[in-house]
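What follows is the content of protein-v1.cif, which has mmCIF, C-alpha atoms:
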```cif
data_coords
#
loop_
_atom_site.label_atom_id
_atom_site.label_comp_id
_atom_site.auth_asym_id
_atom_site.auth_seq_id
_atom_site.Cartn_x
_atom_site.Cartn_y
_atom_site.Cartn_z
CA MET A 1 -38.30 -2.52 70.76
CA LEU A 2 -35.17 -0.60 69.90
CA TYR A 3 -36.79 2.62 71.06
CA LEU A 4 -37.84 1.02 74.35
CA ALA A 5 -34.37 -0.44 74.89
CA GLU A 6 -32.83 3.00 74.45
CA LYS A 7 -35.47 4.96 76.37
CA PHE A 8 -35.53 2.71 79.42
CA LYS A 9 -31.80 1.96 79.45
CA THR A 10 -32.26 -1.80 79.42
CA PRO A 11 -29.26 -3.99 80.20
CA ASP A 12 -26.68 -3.74 77.45
CA PHE A 13 -27.04 -7.30 76.22
CA TRP A 14 -30.57 -6.65 74.86
CA TYR A 15 -29.39 -3.99 72.41
CA PRO A 16 -25.61 -3.80 72.77
CA ALA A 17 -23.69 -0.53 72.77
CA ASP A 18 -20.79 -2.37 71.11
CA LEU A 19 -21.13 -1.41 67.44
CA GLN A 20 -20.34 -4.85 66.02
CA ARG A 21 -22.81 -6.65 68.28
CA ARG A 22 -25.43 -3.95 67.69
CA ALA A 23 -24.91 -4.27 63.95
CA ARG A 24 -25.49 -8.01 64.30
CA VAL A 25 -28.81 -7.39 66.08
CA ASN A 26 -29.80 -4.84 63.43
CA GLU A 27 -28.79 -7.21 60.63
CA TYR A 28 -31.02 -9.96 61.99
CA LEU A 29 -33.95 -7.62 62.62
CA SER A 30 -33.66 -6.26 59.07
CA TRP A 31 -33.62 -9.76 57.59
CA GLN A 32 -36.24 -11.58 59.65
CA HIS A 33 -39.43 -9.86 58.50
CA THR A 34 -39.01 -10.90 54.87
CA ALA A 35 -37.64 -14.35 55.63
CA ILE A 36 -38.39 -16.37 58.73
CA ARG A 37 -41.48 -14.35 59.70
CA MET A 38 -43.00 -14.64 56.26
CA HIS A 39 -42.09 -18.30 55.85
CA GLY A 40 -43.05 -19.40 59.37
CA SER A 41 -46.38 -17.58 59.15
CA ARG A 42 -47.12 -19.04 55.73
CA VAL A 43 -46.53 -22.59 56.98
CA PHE A 44 -48.72 -21.91 60.03
CA TRP A 45 -51.55 -20.67 57.83
CA LEU A 46 -51.22 -23.42 55.23
CA ARG A 47 -51.05 -26.26 57.75
CA LEU A 48 -53.59 -25.04 60.28
CA LEU A 49 -55.79 -22.08 59.44
CA ILE A 50 -56.53 -22.43 55.74
CA PRO A 51 -57.85 -26.00 56.02
CA LYS A 52 -60.17 -24.87 58.82
CA ILE A 53 -61.36 -21.58 57.35
CA MET A 54 -61.52 -22.67 53.72
CA GLY A 55 -62.64 -26.22 54.41
CA VAL A 56 -60.10 -27.61 51.94
CA GLU A 57 -56.71 -29.21 52.14
CA VAL A 58 -53.85 -27.12 50.81
CA PRO A 59 -52.30 -28.58 47.63
CA GLN A 60 -49.19 -30.58 48.51
CA ASP A 61 -46.99 -28.66 46.07
CA THR A 62 -47.99 -25.37 47.74
CA LEU A 63 -47.17 -26.79 51.17
CA ASP A 64 -43.90 -28.30 49.93
CA ALA A 65 -42.79 -24.95 48.50
CA ALA A 66 -43.63 -23.19 51.78
CA LEU A 67 -41.72 -25.82 53.78
CA GLU A 68 -38.73 -25.46 51.47
CA ASP A 69 -38.71 -21.69 52.04
CA LEU A 70 -39.02 -22.18 55.80
CA ASN A 71 -36.20 -24.72 55.84
CA GLY A 72 -34.00 -22.29 53.91
CA SER A 73 -34.63 -19.57 56.50
CA LEU A 74 -34.00 -21.95 59.40
CA LYS A 75 -30.73 -23.00 57.77
CA LEU A 76 -29.69 -19.34 57.50
CA ILE A 77 -30.47 -18.79 61.17
CA GLU A 78 -28.29 -21.76 62.08
CA GLU A 79 -25.42 -21.10 59.73
CA LYS A 80 -25.29 -17.32 59.33
CA PHE A 81 -26.84 -15.86 62.44
CA LEU A 82 -25.91 -18.43 65.07
CA GLY A 83 -22.79 -19.84 63.47
CA ASP A 84 -20.68 -21.18 66.31
CA GLY A 85 -22.01 -18.73 68.88
CA PRO A 86 -24.59 -19.36 71.57
CA PHE A 87 -26.80 -16.41 70.54
CA ILE A 88 -27.30 -14.27 67.44
CA ALA A 89 -25.20 -11.32 68.67
CA GLY A 90 -22.57 -13.37 70.47
CA ASP A 91 -22.28 -14.70 73.99
CA HIS A 92 -25.42 -13.06 75.38
CA ILE A 93 -29.08 -13.05 74.48
CA SER A 94 -30.36 -9.98 72.64
CA LEU A 95 -33.52 -8.57 71.12
CA ALA A 96 -32.61 -10.50 67.97
CA ASP A 97 -32.94 -13.79 69.84
CA LEU A 98 -36.32 -12.80 71.30
CA VAL A 99 -37.68 -11.88 67.88
CA ALA A 100 -36.18 -15.00 66.31
CA ILE A 101 -37.58 -17.47 68.82
CA VAL A 102 -41.10 -16.11 68.37
CA GLU A 103 -40.87 -16.54 64.60
CA VAL A 104 -39.33 -20.01 64.86
CA MET A 105 -42.04 -21.14 67.27
CA GLN A 106 -44.91 -20.12 64.98
CA PRO A 107 -44.76 -23.20 62.72
CA VAL A 108 -44.44 -25.32 65.87
CA GLY A 109 -47.98 -24.12 66.63
CA SER A 110 -49.13 -26.01 63.54
CA SER A 111 -47.51 -29.19 64.92
CA LEU A 112 -44.41 -28.90 62.77
CA ASP A 113 -41.33 -29.72 64.83
CA VAL A 114 -38.80 -27.36 63.27
CA PHE A 115 -36.21 -28.44 65.84
CA GLU A 116 -36.17 -32.10 64.79
CA GLY A 117 -32.85 -32.90 63.16
CA ARG A 118 -31.50 -29.45 64.00
CA PRO A 119 -29.35 -29.84 67.12
CA LYS A 120 -27.88 -26.34 66.80
CA LEU A 121 -31.32 -24.73 66.60
CA SER A 122 -32.59 -26.90 69.46
CA ALA A 123 -29.65 -25.98 71.67
CA TRP A 124 -30.20 -22.29 70.90
CA ARG A 125 -33.90 -22.58 71.80
CA ASP A 126 -32.91 -24.24 75.07
CA ARG A 127 -30.43 -21.43 75.84
CA VAL A 128 -33.06 -18.76 75.10
CA GLN A 129 -35.55 -20.59 77.32
CA ALA A 130 -33.03 -20.98 80.14
CA THR A 131 -32.01 -17.31 79.91
CA VAL A 132 -35.51 -15.83 80.01
CA GLY A 133 -36.81 -18.56 82.31
CA LYS A 134 -38.97 -21.56 81.46
CA GLU A 135 -42.13 -20.07 82.97
CA LEU A 136 -41.87 -16.82 80.97
CA PHE A 137 -40.87 -18.71 77.81
CA ASP A 138 -43.86 -21.05 78.11
CA ASP A 139 -46.22 -18.18 78.91
CA ALA A 140 -45.01 -16.20 75.90
CA HIS A 141 -45.68 -19.16 73.58
CA ARG A 142 -48.86 -20.47 75.18
CA ALA A 143 -51.19 -19.00 72.53
CA ILE A 144 -49.22 -20.25 69.52
CA LEU A 145 -48.67 -23.69 71.02
CA GLY A 146 -52.39 -23.92 71.83
CA ALA A 147 -53.43 -22.82 68.34
CA ARG A 148 -54.50 -26.31 67.24
CA GLU A 149 -57.08 -26.48 70.02
CA GLY A 150 -58.23 -22.91 69.37
CA VAL A 151 -58.71 -23.55 65.67
CA ALA A 152 -60.64 -26.74 66.37
CA GLN A 153 -63.12 -24.68 68.40
CA MET A 154 -63.62 -21.99 65.74
CA ASP A 155 -67.17 -21.47 64.48
CA ASP A 156 -67.08 -22.39 60.78
CA GLY A 157 -69.94 -20.01 59.98
CA LYS A 158 -68.00 -17.01 61.24
CA MET A 159 -65.00 -17.88 59.09
CA GLN A 160 -66.75 -17.07 55.79
CA PHE A 161 -65.71 -13.44 56.15
CA PHE A 162 -62.04 -14.39 55.82
CA LYS A 163 -62.26 -16.62 52.74
CA SER A 164 -61.78 -13.97 50.04
CA LYS A 165 -58.88 -12.39 51.94
CA ILE A 166 -57.18 -15.74 52.38
CA LEU A 167 -57.61 -16.64 48.72
CA ARG A 168 -55.81 -13.44 47.73
CA LEU A 169 -52.97 -14.00 50.21
CA PHE A 170 -52.26 -17.68 49.94
CA MET A 171 -53.85 -19.42 47.02
#
```
What is this structure when it is put down as structure tokens?
Amino acid sequence: MLYLAEKFKTPDFWYPADLQRRARVNEYLSWQHTAIRMHGSRVFWLRLLIPKIMGVEVPQDTLDAALEDLNGSLKLIEEKFLGDGPFIAGDHISLADLVAIVEVMQPVGSSLDVFEGRPKLSAWRDRVQATVGKELFDDAHRAILGAREGVAQMDDGKMQFFKSKILRLFM
């Protein structure tokens, strides 16, 4: 994304030339892959995919630990990255916000409302949606928000291939 922003001279707000705002984008992008991405994905798998593929319910303590990690990452997004600003890098949307919203929406695909009780996070989501446009926002999240229906239609017999891989990753 950073390469594309530079190569195609995208509008400055996506990857700001201002060093402080650019550092903020870079800081978020460096943090997110070992925090919100990992925790959001884990919750998605534990709540939705593992029960379907493995045919078992995930132990409650495993799910509770994953939710605790996710909540910690969401709190950091609210307090550290958003703070009192409308977007991660300040007054304008950036690549950091696009990456963040995708990661935050992943657990929503498992029917976990991560925005409930988080007015700051909800308001940020609404600003991101308004900035990119509701139609594009909805289109970008259509697959993850339709994951429950997709998983329900999965052929159980074809899922056997994934069981050993999932056991190593999650159990």
Let me know the residues the PyMOL selection byres ((chain A and resi 147-151) around 12) catches in the file above, as a tab-separated table (two decimals) with C-alpha atoms, keeping the file's coordinate frame.
```tsv
chain	number	residue	atom	x	y	z
A	44	PHE	CA	-48.72	-21.91	60.03
A	45	TRP	CA	-51.55	-20.67	57.83
A	47	ARG	CA	-51.05	-26.26	57.75
A	48	LEU	CA	-53.59	-25.04	60.28
A	49	LEU	CA	-55.79	-22.08	59.44
A	50	ILE	CA	-56.53	-22.43	55.74
A	51	PRO	CA	-57.85	-26.00	56.02
A	52	LYS	CA	-60.17	-24.87	58.82
A	53	ILE	CA	-61.36	-21.58	57.35
A	105	MET	CA	-42.04	-21.14	67.27
A	106	GLN	CA	-44.91	-20.12	64.98
A	107	PRO	CA	-44.76	-23.20	62.72
A	108	VAL	CA	-44.44	-25.32	65.87
A	109	GLY	CA	-47.98	-24.12	66.63
A	110	SER	CA	-49.13	-26.01	63.54
A	111	SER	CA	-47.51	-29.19	64.92
A	112	LEU	CA	-44.41	-28.90	62.77
A	141	HIS	CA	-45.68	-19.16	73.58
A	142	ARG	CA	-48.86	-20.47	75.18
A	143	ALA	CA	-51.19	-19.00	72.53
A	144	ILE	CA	-49.22	-20.25	69.52
A	145	LEU	CA	-48.67	-23.69	71.02
A	146	GLY	CA	-52.39	-23.92	71.83
A	152	ALA	CA	-60.64	-26.74	66.37
A	153	GLN	CA	-63.12	-24.68	68.40
A	154	MET	CA	-63.62	-21.99	65.74
A	155	ASP	CA	-67.17	-21.47	64.48
A	156	ASP	CA	-67.08	-22.39	60.78
A	159	MET	CA	-65.00	-17.88	59.09
```
Contacts of A:Asp18 within 12 Å, all atoms listed in the file, excl. fewer than 6 positions in-chain, as JSON, numbers by chain:
{"A": [12, 24, 25, 89, 90]}
Could you list the residues chosen by the PyMOL selection byres ((chain A and resi 101) around 10) in this structure as a count of residues only?
17
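Nearest to A:His33 of all the residues A:Ser122, A:Ser73, A:Thr131, A:Gln160 is A:Ser73, based on only C-alpha atoms.
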Between atom CA of A:Glu57 and atom CA of A:Val114, distance in Å (one decimal)
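Atom CA of A:Val114 lies at a distance of 21.2 Å from atom CA of A:Glu57.
What separates atom CA of A:Arg118 from atom CA of A:Gly83 is a distance of 13.0 Å.
The two atoms in question, atom CA of A:Pro86 and atom CA of A:Lys134, are spaced 17.6 Å apart.
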Residues in the PyMOL selection byres ((chain A and resi 13) around 7), expressed as a ChimeraX atom specification
/A:11-12,14-16,92-94
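Residue nearest A:Met1 within the list A:Ser164, A:Asn26, A:Lys80, A:Thr62: A:Asn26 [criterion: smallest interatomic distance, only C-alpha atoms].
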Out of A:Leu46, A:Leu136, A:Arg21, A:Asp69, which residue has the shortest atom-to-atom distance to A:Phe81 when counting only C-alpha atoms?
A:Arg21
Please, which residues are within 8 Å of (-38.9, -19.9, 50.5) by the file's coordinates, counting only C-alpha atoms, and could they come as a list in words?
Ala35, His39, Ala65, Ala66, Leu67, Glu68, Asp69, Leu70, Asn71, Gly72 and Ser73 of chain A
When distances are computed from all atoms listed in the file, which of A:Phe161, A:Ile88, A:Glu78, A:Asp138 shows the smallest separation from A:Lys120?
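The shortest atom-to-atom distance to A:Lys120 comes from A:Glu78.
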